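Student: You'll find work.txt just under this line, and it carries compact mmCIF, C-alpha atoms.
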```txt
# COMPACT_ATOMS: atom_id res chain seq x y z
CA MET A 1 104.00 67.47 113.64
CA SER A 2 105.90 65.42 111.13
CA GLN A 3 109.54 64.51 111.50
CA GLN A 4 111.88 63.63 108.72
CA PHE A 5 114.98 61.60 109.19
CA ALA A 6 117.97 61.83 106.90
CA GLN A 7 118.57 58.52 105.22
CA ILE A 8 122.15 57.73 104.38
CA GLN A 9 122.34 56.00 101.06
CA PRO A 10 124.91 53.31 100.41
CA LEU A 11 127.74 54.11 98.04
CA SER A 12 127.28 52.98 94.47
CA GLN A 13 130.74 51.37 94.54
CA PRO A 14 130.88 47.79 95.78
CA VAL A 15 132.31 47.29 99.26
CA THR A 16 134.41 44.22 99.92
CA MET A 17 133.25 42.39 103.04
CA PRO A 18 135.63 40.13 104.95
CA ASP A 19 134.99 36.41 104.62
CA GLU A 20 134.23 36.06 108.32
CA ILE A 21 131.20 37.72 109.87
CA ALA A 22 130.69 37.41 113.63
CA THR A 23 127.83 35.30 114.96
CA PHE A 24 126.18 35.54 118.34
CA SER A 25 123.98 33.42 120.58
CA ALA A 26 120.19 33.72 120.47
CA GLU A 27 120.33 35.67 123.76
CA VAL A 28 122.74 38.24 122.36
CA GLU A 29 120.71 38.53 119.14
CA ALA A 30 117.60 39.19 121.29
CA GLU A 31 119.51 41.88 123.21
CA ILE A 32 120.50 43.48 119.91
CA ASP A 33 116.87 43.34 118.74
CA ARG A 34 115.76 45.12 121.93
CA HIS A 35 118.23 47.92 121.25
CA LEU A 36 117.18 48.24 117.62
CA ALA A 37 113.53 48.56 118.68
CA LYS A 38 114.38 51.73 120.65
CA TYR A 39 115.49 53.73 117.61
CA PRO A 40 113.43 54.92 114.63
CA VAL A 41 116.62 54.95 112.53
CA MET A 42 118.72 51.77 112.87
CA ARG A 43 122.00 53.69 112.52
CA SER A 44 121.26 55.40 115.83
CA ALA A 45 121.82 52.09 117.63
CA ILE A 46 125.42 51.87 116.46
CA LEU A 47 127.10 52.67 119.81
CA PRO A 48 125.03 50.34 122.02
CA LEU A 49 125.55 47.57 119.48
CA MET A 50 129.29 48.24 119.38
CA PHE A 51 129.41 47.79 123.14
CA ILE A 52 127.60 44.46 122.82
CA VAL A 53 129.96 43.22 120.11
CA GLN A 54 132.96 44.43 122.12
CA ARG A 55 131.69 42.73 125.28
CA GLU A 56 131.11 39.45 123.45
CA ARG A 57 134.30 39.39 121.34
CA GLY A 58 136.71 41.27 123.63
CA TYR A 59 137.09 44.15 121.18
CA LEU A 60 135.52 45.40 117.96
CA ASP A 61 137.29 43.11 115.49
CA PRO A 62 136.80 42.98 111.69
CA PRO A 63 134.22 40.14 111.85
CA GLY A 64 132.30 42.16 114.47
CA VAL A 65 132.44 45.24 112.25
CA SER A 66 131.16 43.18 109.32
CA TYR A 67 128.30 41.91 111.48
CA LEU A 68 127.32 45.46 112.47
CA ALA A 69 127.51 46.71 108.88
CA LYS A 70 125.28 43.89 107.70
CA ARG A 71 122.85 44.15 110.64
CA LEU A 72 122.52 47.94 110.37
CA ASN A 73 122.61 48.02 106.57
CA LEU A 74 125.64 50.32 106.63
CA ARG A 75 129.02 50.42 104.97
CA ILE A 76 132.04 48.98 106.73
CA THR A 77 133.55 52.47 106.72
CA ASP A 78 130.49 53.84 108.54
CA ILE A 79 131.18 51.43 111.39
CA TRP A 80 134.94 52.12 111.49
CA GLU A 81 134.32 55.91 111.49
CA VAL A 82 132.36 55.64 114.71
CA ALA A 83 134.58 52.98 116.27
CA THR A 84 137.76 54.98 115.82
CA PHE A 85 136.22 58.20 117.15
CA TYR A 86 135.39 56.93 120.65
CA SER A 87 138.12 55.92 123.09
CA MET A 88 135.82 53.45 124.83
CA ILE A 89 135.50 51.35 121.68
CA HIS A 90 138.55 49.14 121.28
CA THR A 91 139.66 48.11 117.82
CA GLU A 92 142.60 46.09 119.13
CA PRO A 93 142.65 43.49 121.90
CA ILE A 94 143.05 44.92 125.39
CA GLY A 95 143.86 43.38 128.73
CA LYS A 96 141.34 42.10 131.24
CA TYR A 97 141.88 45.34 133.17
CA HIS A 98 142.04 48.51 131.10
CA ILE A 99 143.70 51.27 133.11
CA GLN A 100 142.84 54.68 131.68
CA VAL A 101 144.72 57.54 133.31
CA CYS A 102 143.14 60.97 132.87
CA LYS A 103 145.64 63.40 131.31
CA THR A 104 143.53 66.55 131.21
CA LEU A 105 144.60 69.78 132.95
CA SER A 106 143.30 69.18 136.51
CA CYS A 107 144.78 65.70 136.65
CA LYS A 108 147.97 66.83 134.95
CA LEU A 109 148.49 69.63 137.47
CA LEU A 110 147.87 67.27 140.37
CA GLY A 111 150.23 64.52 139.24
CA SER A 112 148.74 62.30 136.53
CA ASP A 113 152.19 62.06 134.90
CA THR A 114 153.51 60.51 138.11
CA ILE A 115 150.56 58.09 138.20
CA THR A 116 151.08 57.08 134.56
CA GLU A 117 154.82 56.61 135.08
CA HIS A 118 154.21 54.56 138.22
CA CYS A 119 151.68 52.30 136.46
CA SER A 120 154.06 51.89 133.55
CA LYS A 121 156.95 50.84 135.79
CA LYS A 122 154.80 48.61 138.00
CA LEU A 123 153.28 46.76 135.03
CA GLY A 124 156.37 46.80 132.82
CA ILE A 125 154.51 48.34 129.88
CA ARG A 126 154.24 51.73 128.22
CA VAL A 127 151.07 53.67 127.46
CA GLY A 128 149.24 51.90 124.65
CA GLU A 129 150.61 48.47 125.55
CA THR A 130 149.24 45.34 127.20
CA THR A 131 151.09 43.07 129.62
CA PRO A 132 152.28 39.76 128.13
CA ASP A 133 149.71 37.86 130.25
CA ASN A 134 146.91 40.08 128.82
CA LYS A 135 145.91 41.14 132.32
CA PHE A 136 146.54 44.90 132.02
CA SER A 137 146.40 47.54 129.31
CA LEU A 138 147.49 51.10 129.99
CA SER A 139 146.08 54.18 128.26
CA GLU A 140 146.00 57.91 128.73
CA VAL A 141 142.62 59.48 128.00
CA GLU A 142 141.03 62.89 127.91
CA CYS A 143 138.85 64.16 130.73
CA LEU A 144 136.95 61.53 132.68
CA GLY A 145 134.94 64.23 134.45
CA SER A 146 136.38 63.93 137.93
CA CYS A 147 138.40 67.14 138.08
CA GLY A 148 137.61 67.80 141.75
CA THR A 149 139.17 64.49 142.76
CA ALA A 150 142.26 64.55 140.56
CA PRO A 151 144.45 62.77 139.77
CA MET A 152 142.34 59.79 138.84
CA PHE A 153 142.13 56.75 136.64
CA GLN A 154 139.49 54.36 135.52
CA VAL A 155 139.98 50.60 135.65
CA ASN A 156 137.47 49.21 133.20
CA PHE A 157 134.45 51.28 134.29
CA ASP A 158 135.42 51.85 137.95
CA TYR A 159 136.76 55.26 138.98
CA HIS A 160 139.65 55.60 141.43
CA GLU A 161 140.25 59.16 142.58
CA LYS A 162 142.71 61.27 144.57
CA LEU A 163 145.42 58.85 143.55
CA THR A 164 148.83 58.46 145.08
CA THR A 165 151.36 55.83 144.08
CA ASP A 166 150.44 53.86 147.24
CA LYS A 167 146.76 53.97 146.33
CA VAL A 168 147.57 52.85 142.78
CA ASP A 169 149.50 49.87 144.20
CA HIS A 170 146.58 48.96 146.44
CA VAL A 171 144.05 49.17 143.57
CA LEU A 172 146.16 47.16 141.13
CA ASP A 173 147.25 44.55 143.68
CA SER A 174 143.63 43.97 144.77
CA LEU A 175 142.39 43.07 141.27
CA PRO A 176 141.66 39.34 140.95
CA ASP A 177 143.42 37.22 138.33
```
What is this file in structure tokens?

Tutor:
Amino acid sequence: MSQQFAQIQPLSQPVTMPDEIATFSAEVEAEIDRHLAKYPVMRSAILPLMFIVQRERGYLDPPGVSYLAKRLNLRITDIWEVATFYSMIHTEPIGKYHIQVCKTLSCKLLGSDTITEHCSKKLGIRVGETTPDNKFSLSEVECLGSCGTAPMFQVNFDYHEKLTTDKVDHVLDSLPD
């Protein structure tokens, strides 16, 4: 059985690339190569590669976007379209600890507003902000898939469930500098 893949053709208009394009170590380039080898269409590797660039640079910055566009033979706008769709891809610097409070119905009904307000007061920042020392960023996100243990938040990729303000204090106070 034959399979056909849709090939996205570049625009005929020229695209201006930023002067700076990110560079990575040989180890990171090898990791990127391993991901690219998994996909018959290079564009399909866009999310795993975004995570690598984000891990290495702290967020998906313009030089990182330029690198991905060049490496995947895509337009800059193709990269930004994907990056701005997913909440786990950061296009602005974030703190060392990214606190993402679930705001979907189950969490909302069980007190996520209280959790968000408590985090905001404790850290001295509003949703969407980062502490001056770049240690914490606070976000509200859609469902994190833990409705049975609401309210909950995610700190980086670690879930903390059945939250109370005391439990929030314990979690945040136990994070290393």

Student: Could you tell me how far CA of Pro63 (chain A) lies from CA of Ile99 (chain A), in Å and to one decimal?

Tutor: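 One can read the CA of Pro63 (chain A) to CA of Ile99 (chain A) distance as 25.8 Å.
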
Student: Could you give me, as a ChimeraX atom specification, the residues that sit within 12 Å of (135.3, 59.3, 127.6) in the file's coordinates, counting all atoms listed in the file?

Tutor: /A:85-89,100-104,139-146,153-154,156-157

Student: Kindly indicate which residue among A:Thr114, A:Ser106, A:Ser25, A:Thr77 lies nearest to Asp166 (chain A), using only C-alpha atoms for the distances.

Tutor: A:Thr114

Student: Please list as a VMD selection string every residue within 8 Å of region 118-120 of chain A, counting only C-alpha atoms and excluding residues in the same chain fewer than 6 positions away.

Tutor: chain A and resid 126 to 127 138 165 168

Student: Near Arg34 (chain A), within 12 Å and counting all atoms listed in the file, which residues show up once chain neighbours fewer than 6 positions away are dropped, as a ChimeraX atom specification?

Tutor: /A:27-28,42,45,48-49,52

Student: Using only C-alpha atoms, which of A:Lys122, A:Ser44, A:Tyr159, A:Gly111 sits nearest Ile79 (chain A)?

Tutor: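 Ranking A:Lys122, A:Ser44, A:Tyr159, A:Gly111 by distance to Ile79 (chain A), first place goes to A:Ser44.
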
Student: Give me, as a list in words, all polymer residues having an atom no more than 9 Å from Gly95 (chain A), counting only C-alpha atoms and skipping those fewer than 5 positions away in the same chain.

Tutor: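 Here the answer would be Thr130, Thr131, Asp133, Asn134, Lys135, Phe136, Ser137 and Leu138 of chain A.
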
Student: Produce a file of the selected residues containing C-alpha atoms, as a PDB file, in the coordinates of the input.

Tutor:
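After the write, selection_23.pdb holds the following:
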```
ATOM      1  CA  THR A 130     149.240  45.340 127.200  1.00  0.00           C
ATOM      2  CA  THR A 131     151.090  43.070 129.620  1.00  0.00           C
ATOM      3  CA  ASP A 133     149.710  37.860 130.250  1.00  0.00           C
ATOM      4  CA  ASN A 134     146.910  40.080 128.820  1.00  0.00           C
ATOM      5  CA  LYS A 135     145.910  41.140 132.320  1.00  0.00           C
ATOM      6  CA  PHE A 136     146.540  44.900 132.020  1.00  0.00           C
ATOM      7  CA  SER A 137     146.400  47.540 129.310  1.00  0.00           C
ATOM      8  CA  LEU A 138     147.490  51.100 129.990  1.00  0.00           C
TER       9      LEU A 138
END
```

Student: Counting only C-alpha atoms, which of A:His35, A:Glu56, A:His98, A:Ile21 gets nearest to Ala69 (chain A)?

Tutor: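 Nearest candidate to Ala69 (chain A) out of A:His35, A:Glu56, A:His98, A:Ile21: A:Ile21.
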
Student: Restricting the calculation to all atoms listed in the file: of A:Val65, A:Leu105, A:Cys147, A:Leu72, which residue gets closest to Asp33 (chain A)?

Tutor: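 Nearest to Asp33 (chain A): A:Leu72.
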
Student: At a cut-off of 12 Å, using only C-alpha atoms, what residues contact Ser174 (chain A)? Leave out same-chain residues fewer than 4 positions from it and give the result as a PyMOL selection string.

Tutor: chain A and resi 97+155+167-170

Student: Those residues you just picked out, can you put them in a file as a short mmCIF file (atom, residue, chain, number, x, y, z; two decimals), keeping the file's coordinate frame with C-alpha atoms?

Tutor:
```cif
data_model
loop_
_atom_site.label_atom_id
_atom_site.label_comp_id
_atom_site.auth_asym_id
_atom_site.auth_seq_id
_atom_site.Cartn_x
_atom_site.Cartn_y
_atom_site.Cartn_z
CA TYR A 97 141.88 45.34 133.17
CA VAL A 155 139.98 50.60 135.65
CA LYS A 167 146.76 53.97 146.33
CA VAL A 168 147.57 52.85 142.78
CA ASP A 169 149.50 49.87 144.20
CA HIS A 170 146.58 48.96 146.44
#
```
